[in-house]
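A.B. asks: File data.cif follows (mmCIF, C-alpha atoms and all ligand atoms):
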```cif
data_start
#
loop_
_atom_site.label_atom_id
_atom_site.label_comp_id
_atom_site.auth_asym_id
_atom_site.auth_seq_id
_atom_site.Cartn_x
_atom_site.Cartn_y
_atom_site.Cartn_z
CA MET F 1 72.96 123.88 87.94
CA ALA F 2 75.26 126.26 86.02
CA ALA F 3 77.50 124.74 83.37
CA ALA F 4 81.05 124.10 84.51
CA THR F 5 83.33 127.05 83.84
CA LYS F 6 87.09 127.01 83.56
CA THR F 7 87.51 128.02 87.18
CA SER F 8 85.09 125.42 88.55
CA THR F 9 86.95 122.37 87.28
CA THR F 10 90.51 121.25 87.86
CA SER F 11 92.64 118.12 87.84
CA LEU F 12 93.51 116.12 90.92
CA ALA F 13 97.19 116.51 90.01
CA ALA F 14 96.88 120.28 90.46
CA LEU F 15 96.31 119.73 94.20
CA GLY F 16 99.75 118.19 94.64
CA ASP F 17 101.28 114.81 95.43
CA ALA F 18 99.80 114.32 98.89
CA ALA F 19 96.28 114.94 97.55
CA VAL F 20 96.85 112.54 94.67
CA ALA F 21 98.05 109.80 97.04
CA ALA F 22 95.24 110.41 99.54
CA VAL F 23 92.47 110.48 96.94
CA ARG F 24 93.70 107.38 95.11
CA ALA F 25 93.99 105.51 98.41
CA VAL F 26 90.43 106.46 99.42
CA VAL F 27 89.07 105.53 95.99
CA ALA F 28 90.78 102.13 96.16
CA ALA F 29 89.43 101.45 99.66
CA SER F 30 85.94 102.58 98.60
CA ARG F 31 86.01 99.96 95.83
CA VAL F 32 86.99 97.22 98.24
CA CYS F 33 84.22 98.26 100.65
CA GLU F 34 81.63 98.02 97.87
CA THR F 35 82.98 94.60 96.86
CA VAL F 36 82.42 93.41 100.42
CA ARG F 37 79.06 95.15 100.85
CA THR F 38 77.59 93.68 97.68
CA GLY F 39 79.38 90.30 97.68
CA GLU F 40 79.93 87.16 99.73
CA LEU F 41 82.73 88.31 102.03
CA MET F 42 80.74 90.18 104.67
CA GLN F 43 81.49 89.23 108.26
CA SER F 44 81.25 91.46 111.29
CA MET F 45 82.21 91.24 114.92
CA SER F 46 81.68 93.36 117.99
CA LYS F 47 84.61 95.31 119.44
CA ASP F 48 85.25 95.83 123.16
CA ASP F 49 83.19 99.04 123.07
CA LYS F 50 80.30 97.04 121.52
CA SER F 51 80.63 98.85 118.18
CA PRO F 52 80.76 96.70 115.02
CA VAL F 53 83.76 96.17 112.77
CA THR F 54 83.65 94.24 109.49
CA VAL F 55 85.91 92.55 106.96
CA ALA F 56 85.68 95.77 104.95
CA ASP F 57 86.87 98.05 107.79
CA PHE F 58 90.06 95.96 108.06
CA ALA F 59 90.58 95.63 104.31
CA ALA F 60 90.04 99.36 103.75
CA GLN F 61 92.49 100.29 106.50
CA ALA F 62 95.08 97.93 104.96
CA ILE F 63 94.64 99.37 101.46
CA VAL F 64 94.77 103.03 102.52
CA ILE F 65 97.77 102.66 104.82
CA HIS F 66 99.65 100.56 102.25
CA GLU F 67 99.17 103.32 99.66
CA LEU F 68 100.04 106.14 102.05
CA HIS F 69 103.17 104.30 103.15
CA ALA F 70 104.25 103.95 99.51
CA PHE F 71 103.73 107.72 99.11
CA ASP F 72 105.69 108.77 102.21
CA ALA F 73 106.67 106.21 104.82
CA SER F 74 107.69 108.93 107.28
CA ILE F 75 104.14 110.20 107.93
CA PRO F 76 102.49 108.21 110.74
CA VAL F 77 98.80 107.25 110.74
CA VAL F 78 96.16 107.48 113.45
CA GLY F 79 93.74 104.80 112.26
CA GLU F 80 90.62 103.48 113.94
CA GLU F 81 91.36 99.75 113.61
CA ASP F 82 94.15 97.38 114.60
CA ALA F 83 94.83 93.79 113.45
CA ASP F 84 94.59 92.04 116.85
CA ALA F 85 91.31 90.30 115.96
CA LEU F 86 92.88 88.94 112.75
CA ARG F 87 95.88 87.24 114.35
CA GLY F 88 96.13 83.75 115.84
CA ASP F 89 94.62 80.33 115.10
CA ALA F 90 91.18 80.69 116.67
CA GLU F 91 88.39 79.90 114.20
CA GLU F 92 86.85 83.39 114.15
CA ALA F 93 90.26 85.05 113.63
CA THR F 94 91.19 82.64 110.85
CA GLN F 95 87.88 83.10 109.04
CA LEU F 96 87.99 86.85 109.37
CA ARG F 97 91.62 87.01 108.23
CA GLN F 98 90.90 84.88 105.15
CA LYS F 99 87.98 87.09 104.18
CA VAL F 100 90.04 90.26 104.72
CA MET F 101 92.73 88.79 102.44
CA SER F 102 90.13 87.95 99.78
CA ALA F 103 88.73 91.48 100.01
CA VAL F 104 92.19 93.03 99.63
CA HIS F 105 93.00 90.64 96.77
CA SER F 106 89.89 91.77 94.88
CA LEU F 107 92.02 94.85 94.14
CA ARG F 108 95.63 94.13 95.13
CA THR F 109 96.76 90.57 94.50
CA ASP F 110 100.35 91.46 95.38
CA LEU F 111 99.81 91.95 99.13
CA ASP F 112 100.43 88.95 101.39
CA GLU F 113 99.15 88.38 104.92
CA ALA F 114 102.16 89.96 106.58
CA ALA F 115 101.84 93.07 104.42
CA VAL F 116 98.10 93.40 105.12
CA LEU F 117 98.28 92.87 108.89
CA GLY F 118 101.39 95.05 109.08
CA ALA F 119 99.68 97.88 107.21
CA ILE F 120 96.61 97.74 109.46
CA ASP F 121 98.80 97.90 112.57
CA ARG F 122 100.75 100.86 111.24
CA GLY F 123 97.68 102.97 112.04
CA ASN F 124 98.70 103.06 115.69
CA TYR F 125 100.03 106.62 115.99
CA GLU F 126 98.78 108.59 118.96
CA GLY F 127 98.47 112.00 117.24
CA GLY F 128 99.41 115.26 118.93
CA ALA F 129 99.99 118.96 118.44
CA SER F 130 103.17 118.90 116.38
CA GLY F 131 104.32 117.35 113.13
CA ARG F 132 102.35 115.68 110.37
CA PHE F 133 100.10 112.63 110.56
CA TRP F 134 97.17 111.08 108.74
CA ALA F 135 93.85 110.50 110.54
CA LEU F 136 92.01 107.56 108.97
CA ASP F 137 88.56 106.09 109.45
CA PRO F 138 88.51 103.15 107.03
CA ILE F 139 84.74 102.92 107.32
CA ASP F 140 83.00 105.73 109.10
CA GLY F 141 79.44 104.72 109.86
CA THR F 142 79.96 100.97 110.06
CA LYS F 143 76.35 100.66 111.24
CA GLY F 144 75.20 102.42 108.07
CA PHE F 145 77.44 100.15 106.00
CA LEU F 146 75.82 97.09 107.58
CA ARG F 147 72.35 98.51 106.82
CA ASN F 148 73.34 99.12 103.16
CA ASP F 149 72.96 102.80 103.94
CA GLN F 150 75.48 105.64 104.01
CA TYR F 151 79.12 105.22 105.03
CA ALA F 152 82.39 106.94 104.21
CA VAL F 153 86.08 106.20 103.84
CA ALA F 154 87.50 109.24 105.61
CA LEU F 155 91.05 110.59 105.59
CA GLY F 156 92.63 113.80 106.88
CA LEU F 157 96.19 115.08 106.89
CA VAL F 158 96.95 116.99 110.09
CA GLU F 159 99.91 119.37 110.29
CA ASP F 160 100.80 120.94 113.65
CA GLY F 161 97.25 120.38 114.89
CA GLN F 162 95.58 121.80 111.75
CA VAL F 163 93.80 119.70 109.13
CA VAL F 164 95.41 120.64 105.79
CA LEU F 165 93.90 118.00 103.51
CA GLY F 166 90.60 116.13 103.73
CA VAL F 167 89.23 113.31 101.58
CA LEU F 168 85.91 111.48 101.75
CA GLY F 169 84.79 108.51 99.68
CA CYS F 170 81.03 108.00 99.90
CA PRO F 171 80.36 104.94 97.72
CA ASN F 172 76.65 104.71 98.47
CA LEU F 173 75.86 108.44 98.24
CA ARG F 174 74.07 109.84 95.19
CA GLU F 175 75.16 113.08 93.54
CA ASP F 176 71.85 114.78 94.35
CA LEU F 177 70.07 114.04 97.63
CA ASP F 178 66.74 114.93 96.03
CA ASN F 179 67.18 112.72 93.00
CA PRO F 180 67.27 108.98 93.75
CA GLU F 181 68.18 108.36 90.11
CA SER F 182 71.33 110.51 90.22
CA VAL F 183 74.77 108.93 89.95
CA ARG F 184 75.90 106.92 92.98
CA GLY F 185 79.48 106.97 94.33
CA CYS F 186 80.74 110.40 95.34
CA GLY F 187 84.19 111.58 96.37
CA TYR F 188 85.33 114.86 97.93
CA VAL F 189 88.73 116.43 98.46
CA ALA F 190 89.62 119.69 100.19
CA LYS F 191 93.00 121.33 100.51
CA ARG F 192 93.47 124.14 103.00
CA GLY F 193 93.41 127.48 101.20
CA GLU F 194 92.64 125.91 97.81
CA GLY F 195 88.98 124.93 98.06
CA CYS F 196 86.76 121.89 98.12
CA PHE F 197 86.18 119.66 95.11
CA LYS F 198 83.88 116.78 94.26
CA PHE F 199 84.47 113.89 91.92
CA ASN F 200 82.90 110.67 90.80
CA LEU F 201 84.50 107.66 92.48
CA ASP F 202 84.90 106.15 88.98
CA ASN F 203 87.00 109.11 87.82
CA CYS F 204 88.96 110.82 90.56
CA GLU F 205 91.40 112.61 88.25
CA SER F 206 88.85 115.24 87.26
CA LEU F 207 87.49 117.56 89.96
CA THR F 208 84.62 120.07 90.16
CA LYS F 209 84.44 122.82 92.76
CA ALA F 210 81.94 122.25 95.58
CA THR F 211 80.43 125.07 97.61
CA VAL F 212 77.90 125.45 100.39
CA THR F 213 74.55 127.06 99.61
CA SER F 214 72.43 129.48 101.65
CA PRO F 215 68.70 129.16 100.92
CA PRO F 216 65.86 130.94 102.77
CA ALA F 217 64.79 129.57 106.19
CA GLU F 218 62.05 127.37 104.68
CA GLU F 219 64.67 125.42 102.74
CA VAL F 220 67.47 125.17 105.30
CA ARG F 221 67.96 121.42 105.67
CA LEU F 222 69.39 119.72 108.76
CA VAL F 223 71.35 116.46 108.60
CA GLU F 224 71.94 114.35 111.67
CA SER F 225 72.83 110.80 112.72
CA VAL F 226 70.47 107.89 112.24
CA GLU F 227 71.67 106.35 115.51
CA THR F 228 69.93 107.83 118.54
CA LYS F 229 72.97 107.07 120.73
CA HIS F 230 75.22 109.32 118.61
CA THR F 231 73.24 112.55 118.84
CA SER F 232 70.17 114.02 120.51
CA HIS F 233 67.35 114.27 117.97
CA ASP F 234 65.15 116.02 120.55
CA THR F 235 67.69 118.79 121.06
CA SER F 236 68.18 119.31 117.33
CA ALA F 237 64.41 119.80 116.93
CA GLN F 238 64.53 122.46 119.66
CA ILE F 239 67.49 124.17 117.98
CA LYS F 240 65.69 124.29 114.65
CA ALA F 241 62.72 126.04 116.23
CA ALA F 242 64.88 128.48 118.19
CA ALA F 243 67.11 129.37 115.22
CA ASN F 244 64.21 129.73 112.76
CA ILE F 245 65.31 126.80 110.59
CA LYS F 246 62.29 125.50 108.72
CA GLY F 247 63.49 123.00 106.13
CA ASP F 248 63.33 119.23 106.47
CA SER F 249 65.60 117.01 108.56
CA VAL F 250 67.47 114.14 106.96
CA ARG F 251 69.01 111.32 108.97
CA MET F 252 72.15 109.86 107.51
CA ASP F 253 75.08 107.84 108.83
CA SER F 254 78.73 108.83 108.68
CA GLN F 255 80.71 111.82 107.45
CA ALA F 256 78.52 111.80 104.34
CA LYS F 257 76.73 114.46 106.42
CA TYR F 258 79.72 116.80 106.03
CA ALA F 259 79.76 116.01 102.30
CA VAL F 260 76.14 117.02 101.71
CA VAL F 261 76.66 120.29 103.62
CA GLY F 262 79.87 120.98 101.66
CA ARG F 263 78.17 120.43 98.31
CA GLY F 264 75.13 122.50 99.25
CA ASP F 265 72.44 119.78 99.47
CA ALA F 266 72.05 120.35 103.20
CA HIS F 267 72.95 123.37 105.29
CA LEU F 268 73.43 122.30 108.88
CA TYR F 269 74.91 119.18 110.50
CA LEU F 270 74.38 118.86 114.24
CA ARG F 271 76.09 116.30 116.47
CA LEU F 272 74.71 116.99 119.93
CA PRO F 273 75.83 115.01 122.96
CA ARG F 274 72.99 113.39 124.86
CA ALA F 275 72.58 114.43 128.48
CA GLY F 276 75.21 112.73 130.64
CA SER F 277 77.31 111.56 127.66
CA THR F 278 81.04 111.19 128.31
CA HIS F 279 81.82 110.34 124.66
CA GLU F 280 84.91 112.11 123.28
CA GLU F 281 84.73 112.51 119.51
CA LYS F 282 87.56 110.72 117.66
CA ILE F 283 89.74 112.82 115.34
CA TRP F 284 89.23 110.37 112.43
CA ASP F 285 85.46 110.94 112.64
CA HIS F 286 85.85 114.64 111.77
CA ALA F 287 89.23 115.50 110.22
CA GLY F 288 88.32 114.81 106.58
CA GLY F 289 84.74 116.05 106.78
CA MET F 290 85.51 119.25 108.65
CA LEU F 291 87.88 120.53 105.97
CA ILE F 292 85.40 119.61 103.22
CA VAL F 293 82.83 121.96 104.78
CA GLU F 294 85.29 124.74 105.66
CA GLU F 295 86.88 124.82 102.21
CA ALA F 296 83.42 124.74 100.62
CA GLY F 297 82.81 128.07 102.37
CA GLY F 298 81.06 126.79 105.49
CA ARG F 299 81.92 126.82 109.18
CA VAL F 300 82.65 124.03 111.66
CA THR F 301 82.84 124.42 115.45
CA ASP F 302 81.79 122.52 118.53
CA ILE F 303 78.47 123.31 120.23
CA HIS F 304 80.09 126.22 122.12
CA GLY F 305 81.37 127.82 118.91
CA LYS F 306 84.98 126.72 119.53
CA PRO F 307 87.12 125.49 116.61
CA LEU F 308 87.77 121.73 116.62
CA ASP F 309 91.20 121.04 118.11
CA PHE F 310 92.95 118.17 116.31
CA GLY F 311 96.16 118.50 118.32
CA GLN F 312 95.01 116.73 121.48
CA GLY F 313 95.76 113.13 120.58
CA GLN F 314 93.24 110.64 119.24
CA THR F 315 90.16 112.49 120.49
CA LEU F 316 88.76 116.00 120.34
CA LYS F 317 89.00 116.22 124.11
CA ASN F 318 88.79 120.04 124.14
CA ASN F 319 85.49 120.03 122.22
CA THR F 320 81.90 119.02 122.83
CA GLY F 321 79.71 117.92 119.92
CA VAL F 322 79.91 119.40 116.41
CA VAL F 323 78.09 122.10 114.44
CA ALA F 324 78.87 122.24 110.71
CA SER F 325 76.99 124.74 108.60
CA ASN F 326 76.86 126.88 105.49
CA GLY F 327 78.21 129.69 107.72
CA VAL F 328 75.09 131.84 107.39
CA VAL F 329 73.01 129.97 109.99
CA HIS F 330 75.95 129.27 112.31
CA ASP F 331 75.71 132.13 114.85
CA ALA F 332 71.96 131.65 115.36
CA VAL F 333 72.51 127.94 115.99
CA ILE F 334 75.33 128.54 118.49
CA ALA F 335 73.17 131.11 120.32
CA ALA F 336 70.28 128.64 120.50
CA LEU F 337 72.63 125.92 121.77
CA ALA F 338 73.96 128.24 124.49
CA GLU F 339 70.41 128.73 125.76
CA ILE F 340 69.64 125.02 125.78
CA TYR F 341 72.90 123.74 127.23
CA LYS F 342 73.04 126.34 130.03
CA ASN F 343 70.39 124.37 131.89
N1 LIG V 1 78.36 106.70 121.48
C1 LIG V 1 78.76 107.35 120.38
N2 LIG V 1 78.56 108.70 120.28
C2 LIG V 1 78.94 109.34 119.18
N3 LIG V 1 79.54 108.73 118.11
C3 LIG V 1 79.77 107.39 118.15
C4 LIG V 1 79.38 106.65 119.28
N4 LIG V 1 79.71 105.35 119.05
C5 LIG V 1 80.30 105.30 117.82
N5 LIG V 1 80.34 106.52 117.29
C6 LIG V 1 80.90 106.88 115.99
O1 LIG V 1 79.97 107.72 115.36
C7 LIG V 1 80.24 107.75 113.96
C8 LIG V 1 79.08 107.44 113.10
O2 LIG V 1 78.05 108.07 113.64
P1 LIG V 1 76.98 108.72 112.73
O3 LIG V 1 76.79 107.80 111.58
O4 LIG V 1 75.89 108.73 113.70
O5 LIG V 1 77.52 110.06 112.36
C9 LIG V 1 81.19 106.76 113.73
O6 LIG V 1 82.43 107.36 113.71
C10 LIG V 1 81.06 105.84 114.88
O7 LIG V 1 82.15 105.08 114.76
P2 LIG V 1 82.45 104.10 113.42
O8 LIG V 1 83.56 104.75 112.62
O9 LIG V 1 82.92 102.90 114.13
O10 LIG V 1 81.20 103.89 112.62
MG MG V 2 84.06 101.85 114.38
MG MG V 3 83.85 106.74 112.52
MG MG V 4 85.08 103.44 111.49
#
```
Render the structure in this file as structure tokens.

C.D. replies:
Amino acid sequence: MAAATKTSTTSLAALGDAAVAAVRAVVAASRVCETVRTGELMQSMSKDDKSPVTVADFAAQAIVIHELHAFDASIPVVGEEDADALRGDAEEATQLRQKVMSAVHSLRTDLDEAAVLGAIDRGNYEGGASGRFWALDPIDGTKGFLRNDQYAVALGLVEDGQVVLGVLGCPNLREDLDNPESVRGCGYVAKRGEGCFKFNLDNCESLTKATVTSPPAEEVRLVESVETKHTSHDTSAQIKAAANIKGDSVRMDSQAKYAVVGRGDAHLYLRLPRAGSTHEEKIWDHAGGMLIVEEAGGRVTDIHGKPLDFGQGQTLKNNTGVVASNGVVHDAVIAALAEIYKN
């Protein structure tokens, strides 16, 4: 890799106050998640939709929203979690609540139960096409987190339906996908019109520019979900063949997939609805990651080539699936998808 030049490094402060607040909040939450993942506080439960949520999801949402509120209390938050499961005297709720408090206190001893539950529940905004709001996934890829695999703390700032700031904390991601010895704990921040930057989660004040890369067909690498319910692996194999993409395929949980495309380690991320799926993608699953890839010089659309529409409430109801790429392979992939999905 080329040595850093003056133009390829910058300070977090140069991206402005909202970026500073967002990055510091994500870094703090990433720390708490790692404390839970590697310590004694892990507990998970199943939500109504059968997806898992853990002590760390709640603690991370509390930490991020507390910090964002201190930055600007007037900006509402669309967050994935709420505190219902932590309230009341039932044994499971009490146990979970105590562990969430211990997780938060590993970093912030000043927050009491009311502050923590209140912060979590402040993430109840419905979103929409006008005004500003944060979209927060306190742990994206909870299944990956539980497998000690990839997960991300993901945050986006949406302004009149457009993502203007994106931050990802990927505590279990190494700096180089091809080097298992490389440094672990990667952060990313993108500001609309100002580029995409990477940082080490241990030092978020110093940023290095991140850009997509465009290798020959033999080296174009696909990233896709580990979970077979989240994407069609069969269809992605067909797309690779049709679009002349010949590199390897890497399966990885969470928005870490956007991060590896944005930094140039992978070149195409496909999220392809399975036949008959009625799943609407949530805005917090894409807001942060999408801007990381776009500002790194890549392209992000749905499977029909339409831009993702973040102004429709909590879900991307006007979109189907996601294609994120280095830009160069994008049109061929969309053409191949049109052939496959017409049937
Ligand atoms: N049936 C589903 N189809 C697509 N995505 C899903 C589905 N169920 C949950 N998800 C969400 O998919 C994302 C992770 O998927 P992947 O790791 O495959 O990219 C997460 O945001 C997860 O939520 P969560 O934030 O609760 O982990
Ligand atoms: Mg979830
Ligand atoms: Mg998610
Ligand atoms: Mg989540």

A.B. asks: Find, counting all atoms listed in the file, the residue in F:Ala114, F:Val329, F:Leu316, F:Val322 that gets nearest to F:Ala217.

C.D. replies: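 So, comparing all the options, the nearest one is F:Val329.
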
A.B. asks: Any idea what's packed within 9 Å of F:Ser236, counting only C-alpha atoms, ignoring anything in its chain fewer than 5 positions away? Could you give it as a list in words?

C.D. replies: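 In the requested format, the answer is Leu222, Glu224, Thr231, Ala241, Leu270, Arg271 and Leu272 of chain F.
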
A.B. asks: Here is a test: counting only C-alpha atoms and all ligand atoms, which residue of F:Ala135, F:Val250, F:Leu111, F:Ala13 is nearest to ligand MG 3 (chain V)?

C.D. replies: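 Ranking F:Ala135, F:Val250, F:Leu111, F:Ala13 by distance to ligand MG 3 (chain V), first place goes to F:Ala135.
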
A.B. asks: Go through the chains and note each residue within 8 Å of ligand MG 3 (chain V), using only C-alpha atoms and all ligand atoms, then give the set as an NGL selection string.

C.D. replies: :F and (80 or 137 or 139-142 or 254-255 or 282 or 284-285)

A.B. asks: Residues within 12 Å of ligand MG 4 (chain V) should be enumerated using all atoms listed in the file and returned as a ChimeraX atom specification.

C.D. replies: /F:47,51-61,78-82,135-146,151-155,253-255,282-286

A.B. asks: Any chance you could tabulate, as CSV, the residues of stretch 70-121 of chain F at most 9 Å from stretch 126-133 of chain F with each one's nearest atom pair and distance in Å to one decimal, using all atoms listed in the file, in chain and rising number order?

C.D. replies:
```
residue,atom,partner,partner_atom,distance
F:Ile75,CA,F:Phe133,CA,5.4
F:Pro76,CA,F:Phe133,CA,5.0
F:Val77,CA,F:Phe133,CA,5.5
F:Val78,CA,F:Glu126,CA,6.2
```

A.B. asks: Deliver the residues from the most recent selection as a file, using C-alpha atoms, as a JSON list (two decimals), in the coordinates of the input.

C.D. replies:
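The result, written out as selection_33.json:
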```json
[["chain", "number", "residue", "atom", "x", "y", "z"],
["F", 75, "ILE", "CA", 104.14, 110.20, 107.93],
["F", 76, "PRO", "CA", 102.49, 108.21, 110.74],
["F", 77, "VAL", "CA", 98.80, 107.25, 110.74],
["F", 78, "VAL", "CA", 96.16, 107.48, 113.45]]
```

A.B. asks: Would you compute the distance between atom C9 of ligand LIG 1 (chain V) and atom CA of F:Glu175? Give it in Å to one decimal.

C.D. replies: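 Atom-to-atom, atom C9 of ligand LIG 1 (chain V) and atom CA of F:Glu175 are spaced 22.0 Å apart.
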
A.B. asks: For F:Ser325, find every residue with an atom within 8 Å (counting all atoms listed in the file), except residues of its own chain fewer than 6 positions away, and show them as JSON, numbers by chain.

C.D. replies: {"F": [261, 267, 268, 269, 293, 298, 299, 300]}

A.B. asks: Using all atoms listed in the file, determine which residues lie at most 9 Å from F:Cys196, disregarding the query and same-chain residues fewer than 4 positions distant; provide the list as a PDB file with C-alpha atoms, in the coordinates of the input.

C.D. replies:
```
ATOM      1  CA  GLY F 166      90.600 116.130 103.730  1.00  0.00           C
ATOM      2  CA  TYR F 188      85.330 114.860  97.930  1.00  0.00           C
ATOM      3  CA  VAL F 189      88.730 116.430  98.460  1.00  0.00           C
ATOM      4  CA  ALA F 190      89.620 119.690 100.190  1.00  0.00           C
ATOM      5  CA  LYS F 191      93.000 121.330 100.510  1.00  0.00           C
ATOM      6  CA  ARG F 192      93.470 124.140 103.000  1.00  0.00           C
ATOM      7  CA  THR F 208      84.620 120.070  90.160  1.00  0.00           C
ATOM      8  CA  LYS F 209      84.440 122.820  92.760  1.00  0.00           C
ATOM      9  CA  ALA F 210      81.940 122.250  95.580  1.00  0.00           C
ATOM     10  CA  THR F 211      80.430 125.070  97.610  1.00  0.00           C
ATOM     11  CA  GLY F 262      79.870 120.980 101.660  1.00  0.00           C
ATOM     12  CA  ARG F 263      78.170 120.430  98.310  1.00  0.00           C
ATOM     13  CA  LEU F 291      87.880 120.530 105.970  1.00  0.00           C
ATOM     14  CA  ILE F 292      85.400 119.610 103.220  1.00  0.00           C
ATOM     15  CA  VAL F 293      82.830 121.960 104.780  1.00  0.00           C
ATOM     16  CA  GLU F 294      85.290 124.740 105.660  1.00  0.00           C
ATOM     17  CA  GLU F 295      86.880 124.820 102.210  1.00  0.00           C
ATOM     18  CA  ALA F 296      83.420 124.740 100.620  1.00  0.00           C
ATOM     19  CA  GLY F 297      82.810 128.070 102.370  1.00  0.00           C
TER      20      GLY F 297
END
```

A.B. asks: Do you have the atom CA of F:Arg221-atom CA of F:Val323 distance handy?

C.D. replies: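 Calculated distance between atom CA of F:Arg221 and atom CA of F:Val323 is 13.4 Å.
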
A.B. asks: For ligand MG 2 (chain V), which of F:Ile239, F:Met45, F:Val116, F:Val328 is the closest residue, counting all atoms listed in the file?

C.D. replies: F:Met45

A.B. asks: Could you work out how far atom CA of F:Ala29 lies from atom CA of F:Ala119, giving the answer in Å with one decimal?

C.D. replies: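 According to the coordinates, atom CA of F:Ala119 and atom CA of F:Ala29 are separated by 13.2 Å.
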
A.B. asks: So, counting all atoms listed in the file, which residue among F:Ser214, F:Lys50, F:Met42, F:Asn244 is closest to ligand MG 2 (chain V)?

C.D. replies: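 Closest candidate: F:Lys50.
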
A.B. asks: Missing atoms in stretch 113-125 of chain F: can you complete it with N, CA and C atoms, as a short mmCIF file (atom, residue, chain, number, x, y, z; two decimals), in the frame of the given file?

C.D. replies:
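Wrote it out as out.cif, contents follow:
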```
data_model
loop_
_atom_site.label_atom_id
_atom_site.label_comp_id
_atom_site.auth_asym_id
_atom_site.auth_seq_id
_atom_site.Cartn_x
_atom_site.Cartn_y
_atom_site.Cartn_z
N GLU F 113 99.72 88.21 103.59
CA GLU F 113 99.15 88.38 104.92
C GLU F 113 99.99 89.31 105.81
N ALA F 114 101.29 89.12 105.74
CA ALA F 114 102.16 89.96 106.58
C ALA F 114 102.03 91.43 106.19
N ALA F 115 101.96 91.69 104.89
CA ALA F 115 101.84 93.07 104.42
C ALA F 115 100.50 93.68 104.86
N VAL F 116 99.44 92.89 104.79
CA VAL F 116 98.10 93.40 105.12
C VAL F 116 97.98 93.66 106.63
N LEU F 117 98.38 92.68 107.44
CA LEU F 117 98.28 92.87 108.89
C LEU F 117 99.23 93.97 109.35
N GLY F 118 100.40 94.01 108.73
CA GLY F 118 101.39 95.05 109.08
C GLY F 118 100.86 96.44 108.75
N ALA F 119 100.23 96.57 107.60
CA ALA F 119 99.68 97.88 107.21
C ALA F 119 98.58 98.31 108.19
N ILE F 120 97.70 97.39 108.52
CA ILE F 120 96.61 97.74 109.46
C ILE F 120 97.20 98.24 110.77
N ASP F 121 98.21 97.54 111.27
CA ASP F 121 98.80 97.90 112.57
C ASP F 121 99.67 99.15 112.52
N ARG F 122 100.01 99.60 111.32
CA ARG F 122 100.75 100.86 111.24
C ARG F 122 99.88 102.06 111.59
N GLY F 123 98.58 101.85 111.69
CA GLY F 123 97.68 102.97 112.04
C GLY F 123 97.60 103.19 113.53
N ASN F 124 98.74 103.03 114.22
CA ASN F 124 98.70 103.06 115.69
C ASN F 124 99.28 104.34 116.30
N TYR F 125 99.43 105.38 115.47
CA TYR F 125 100.03 106.62 115.99
C TYR F 125 99.06 107.31 116.95
#
```
